[in-house]
Amino acid sequence: MSCTKIETSGEDLCKLPCQTDRHGLKSIANLVRSTEEIPEPISTQVKGTIPTWIRGNFLRNGPGKFEFGNEHYNHWFDGMALLHQFKIEDGQVTYRSRFLRSTSYTQNSEHDRIMVSEFGTVAMPDPCKNIFQRFLSRFELIKPTDNASVSFVKYKGDYYVSTETNFMHKVDPGTLETVEQVDWMKFIAVNGATAHPHTDPDGTVYNMGNSYGPKGTFYNIISVPPERETADDTLQGAKVLCSIAPTDGSRPSYYHSFAMSENYVVFIEQPIKMNVWKILTAKLTGKGISDAIYWDPSLETILHLISKQTGQVSSVKYHTKAMSTFHQINAFEQDGFLMLDLCASDDGQAITVYNLQNLRKSGEALDQVYNKMCRSFPRRFVLPLDITNDTPLNQNLNTRPDSTATAVKITNGKVFCTHENLHGDDLEDFGGLEFPQINYNRCNTKPYRYFYGCGFRHLVGDSLLKMDMEGKQLKSWYQEGLFPSEPVFVPSPEAVDEDDGVILSVVLTPTEDKGTFLLVLDAQTFEELGRAEVPINIPYGFHGAFHSTA
């Protein structure tokens, strides 16, 4: 891909077409600072009106502590999980927060130092050990963390907080107390699972996780049944539907999530690669797992389709150019095609950018970090499902009207695809879109019209967006200097229209002390209904969920 040079003080950066040249970004260092937990509910000041039909807990997860003693974490993903609850009832809101009582948090707190390695930080040998013991500890494998700081997920009606290792924690959504650590490896042969499972209408939950063993590395499709055998059930009944061998077993692809339609799981094998040898020797080299992840733009992206009913992997592989994706929007089947909607970028180096040193920069140095990154935009791939040996070669198989996506059979078993944009040019003014959300219970795996997300004119979301795919009409909420979290859609009671409901988002103000508030938008008009101001400072987080108590 061709590029133009950006002149900077000290270095020349190769500017890809997906990159920007912004200047004067405000510091967000205060959004990645440690804070204290607030375990008992505190009141908020409501301005405007919060609809009284909203009854429940808006839950958020993300890093909240970035150091222990004199030792500091390196990466944004390393911070200790801080769970947040905005309890909404009768138009009023209270707030509380608790640190997840993970093994990582407990051991670090007891020793006042980093005892457990995280994504970008390797725990140093225990100084209480003798020199020989410290030397030998360098040759041990890094133990997986249980610092579940990414999201809230549900299995069998219970809430868990999750990361991407084999550990989750069951939590009480009413009190945020840590209930139980759950290990995937006690139920199925996987070494981890994503923090973005998908749920079928019958309650069956699907997920993905890697396995590493004597037979090699595999991507695994997982299902968890909705039924409980006992009241204390966690992942009982989980099974591996199928295992997929990576294109290169020593360098499997990193993935943060996957897509699901009515009949298929869609796994996206992207050119963000993991060097398994570097992961195995991380403790010896003193470099975190983040150092083992790299972007290889010379590789194509491969889309794998897996039948949810049989676990059979389609022999047809759908290829596209090198791209990176962290979050999918939706996927559905219609008229013999599978529509795969996702947020994607033409560059895959975002993970390495989000270290704490970069996030805490200011001035021109901060501008340079932002301008190095490609923006992420919503795209649609149209995958023809009925591919046989008789399907003609070298012609566009996408016959859907008004679609500019292409799908061309290159050989038996390979279809090369190009995407169509799910946006107009005006989205570029908002820095693209990430953290996509839909009316999940109504629209997941089905045709839909609307999706929501954050605009990214900064390293974190700085606007809220609504996309109407009929005409690619964009609505936005933006106030300078404010940084909203991932928008979560909550449908109104007995809603008729797909977008009849509200959007919930936690908004942070890095330049104002204790300037946090819960924002409530009318999802149809995207106008503010009300906000609940909380006299606290909290760091910018990742994902959340709404737990209805109505």
# chains A, B, ... in the order shown; residues from 1 in each chain; ligands from 1
>>> residues_around(residues="Lys472 (chain A)", least_positions_apart="3", cutoff="10 Å", atoms="only C-alpha atoms", output="PDB file with N, CA, C and O atoms, in the first residue's frame")
ATOM      1  N   ASN A 421     -18.704  -0.050   2.201  1.00  0.00           N
ATOM      2  CA  ASN A 421     -18.719   0.783   3.394  1.00  0.00           C
ATOM      3  C   ASN A 421     -20.142   0.921   3.936  1.00  0.00           C
ATOM      4  O   ASN A 421     -21.095   1.089   3.171  1.00  0.00           O
ATOM      5  N   LEU A 422     -20.259   0.857   5.247  1.00  0.00           N
ATOM      6  CA  LEU A 422     -21.548   1.073   5.907  1.00  0.00           C
ATOM      7  C   LEU A 422     -21.624   2.499   6.447  1.00  0.00           C
ATOM      8  O   LEU A 422     -22.187   2.735   7.516  1.00  0.00           O
ATOM      9  N   HIS A 423     -21.065   3.432   5.716  1.00  0.00           N
ATOM     10  CA  HIS A 423     -21.033   4.812   6.190  1.00  0.00           C
ATOM     11  C   HIS A 423     -20.852   5.742   5.004  1.00  0.00           C
ATOM     12  O   HIS A 423     -20.433   5.329   3.905  1.00  0.00           O
ATOM     13  N   GLY A 424     -21.145   7.009   5.228  1.00  0.00           N
ATOM     14  CA  GLY A 424     -20.856   8.047   4.255  1.00  0.00           C
ATOM     15  C   GLY A 424     -19.555   8.743   4.594  1.00  0.00           C
ATOM     16  O   GLY A 424     -18.875   8.411   5.575  1.00  0.00           O
ATOM     17  N   ASP A 425     -19.211   9.740   3.774  1.00  0.00           N
ATOM     18  CA  ASP A 425     -17.964  10.461   3.989  1.00  0.00           C
ATOM     19  C   ASP A 425     -17.943  11.217   5.311  1.00  0.00           C
ATOM     20  O   ASP A 425     -16.863  11.499   5.854  1.00  0.00           O
ATOM     21  N   ASP A 426     -19.126  11.569   5.839  1.00  0.00           N
ATOM     22  CA  ASP A 426     -19.161  12.368   7.068  1.00  0.00           C
ATOM     23  C   ASP A 426     -18.588  11.633   8.271  1.00  0.00           C
ATOM     24  O   ASP A 426     -18.163  12.253   9.246  1.00  0.00           O
ATOM     25  N   LEU A 427     -18.530  10.301   8.240  1.00  0.00           N
ATOM     26  CA  LEU A 427     -17.960   9.564   9.373  1.00  0.00           C
ATOM     27  C   LEU A 427     -16.470   9.842   9.517  1.00  0.00           C
ATOM     28  O   LEU A 427     -15.928   9.766  10.624  1.00  0.00           O
ATOM     29  N   ARG A 449     -31.260  -2.303  11.086  1.00  0.00           N
ATOM     30  CA  ARG A 449     -31.130  -1.004  10.430  1.00  0.00           C
ATOM     31  C   ARG A 449     -30.128  -0.082  11.106  1.00  0.00           C
ATOM     32  O   ARG A 449     -29.460   0.711  10.437  1.00  0.00           O
ATOM     33  N   TYR A 450     -30.010  -0.169  12.426  1.00  0.00           N
ATOM     34  CA  TYR A 450     -29.229   0.817  13.168  1.00  0.00           C
ATOM     35  C   TYR A 450     -28.068   0.164  13.917  1.00  0.00           C
ATOM     36  O   TYR A 450     -28.183  -0.956  14.427  1.00  0.00           O
ATOM     37  N   LYS A 466     -24.691   7.340  15.887  1.00  0.00           N
ATOM     38  CA  LYS A 466     -25.762   6.427  15.481  1.00  0.00           C
ATOM     39  C   LYS A 466     -25.790   6.391  13.963  1.00  0.00           C
ATOM     40  O   LYS A 466     -25.870   7.433  13.314  1.00  0.00           O
ATOM     41  N   MET A 467     -25.717   5.177  13.398  1.00  0.00           N
ATOM     42  CA  MET A 467     -25.744   5.032  11.946  1.00  0.00           C
ATOM     43  C   MET A 467     -27.058   4.385  11.525  1.00  0.00           C
ATOM     44  O   MET A 467     -27.419   3.310  12.010  1.00  0.00           O
ATOM     45  N   ASP A 468     -27.766   5.066  10.630  1.00  0.00           N
ATOM     46  CA  ASP A 468     -28.962   4.532   9.992  1.00  0.00           C
ATOM     47  C   ASP A 468     -28.531   4.030   8.622  1.00  0.00           C
ATOM     48  O   ASP A 468     -28.141   4.820   7.756  1.00  0.00           O
ATOM     49  N   MET A 469     -28.563   2.718   8.421  1.00  0.00           N
ATOM     50  CA  MET A 469     -28.050   2.162   7.179  1.00  0.00           C
ATOM     51  C   MET A 469     -28.971   2.407   5.985  1.00  0.00           C
ATOM     52  O   MET A 469     -28.584   2.149   4.849  1.00  0.00           O
ATOM     53  N   LYS A 475     -26.143  10.301  12.990  1.00  0.00           N
ATOM     54  CA  LYS A 475     -26.458  11.236  14.070  1.00  0.00           C
ATOM     55  C   LYS A 475     -25.314  11.176  15.074  1.00  0.00           C
ATOM     56  O   LYS A 475     -24.665  10.129  15.256  1.00  0.00           O
TER      57      LYS A 475
END
>>> residues_around(residues="Asp367 (chain A)", least_positions_apart="3", cutoff="10 Å", atoms="only C-alpha atoms", output="ChimeraX atom specification")
/A:20-27,361-364,370-372,458-459
>>> select_by_dssp(residues="region 226-338 of chain A", states="strand (DSSP E)", output="ChimeraX atom specification")
/A:239-244,259-260,264-269,272-274,293-295,301-307,317-320,324-334,337-338
>>> residues_around(residues="region 176-185 of chain A", least_positions_apart="3", cutoff="8 Å", atoms="only C-alpha atoms", output="list in words")
Leu83, His84, Gln85, Ser97, Arg98, Leu100, Arg101, Ser102, Asn166, Phe167, Met168, His169, Lys170, Val171, Asp172, Pro173, Ile188, Ala189, Val190, Asn191, Gly192, Ala193, Thr234 and Leu235 of chain A
>>> atom_distance(atom1="CA of Ser505 (chain A)", atom2="CA of Phe542 (chain A)")
11.5 Å
>>> closest_residue(among="A:Val415, A:Ala331, A:Leu59, A:Val32", to="Leu504 (chain A)", atoms="only C-alpha atoms")
A:Leu59
>>> closest_residue(among="A:Asp402, A:Glu227, A:Glu470, A:Glu300", to="Phe416 (chain A)", atoms="only C-alpha atoms")
A:Glu300
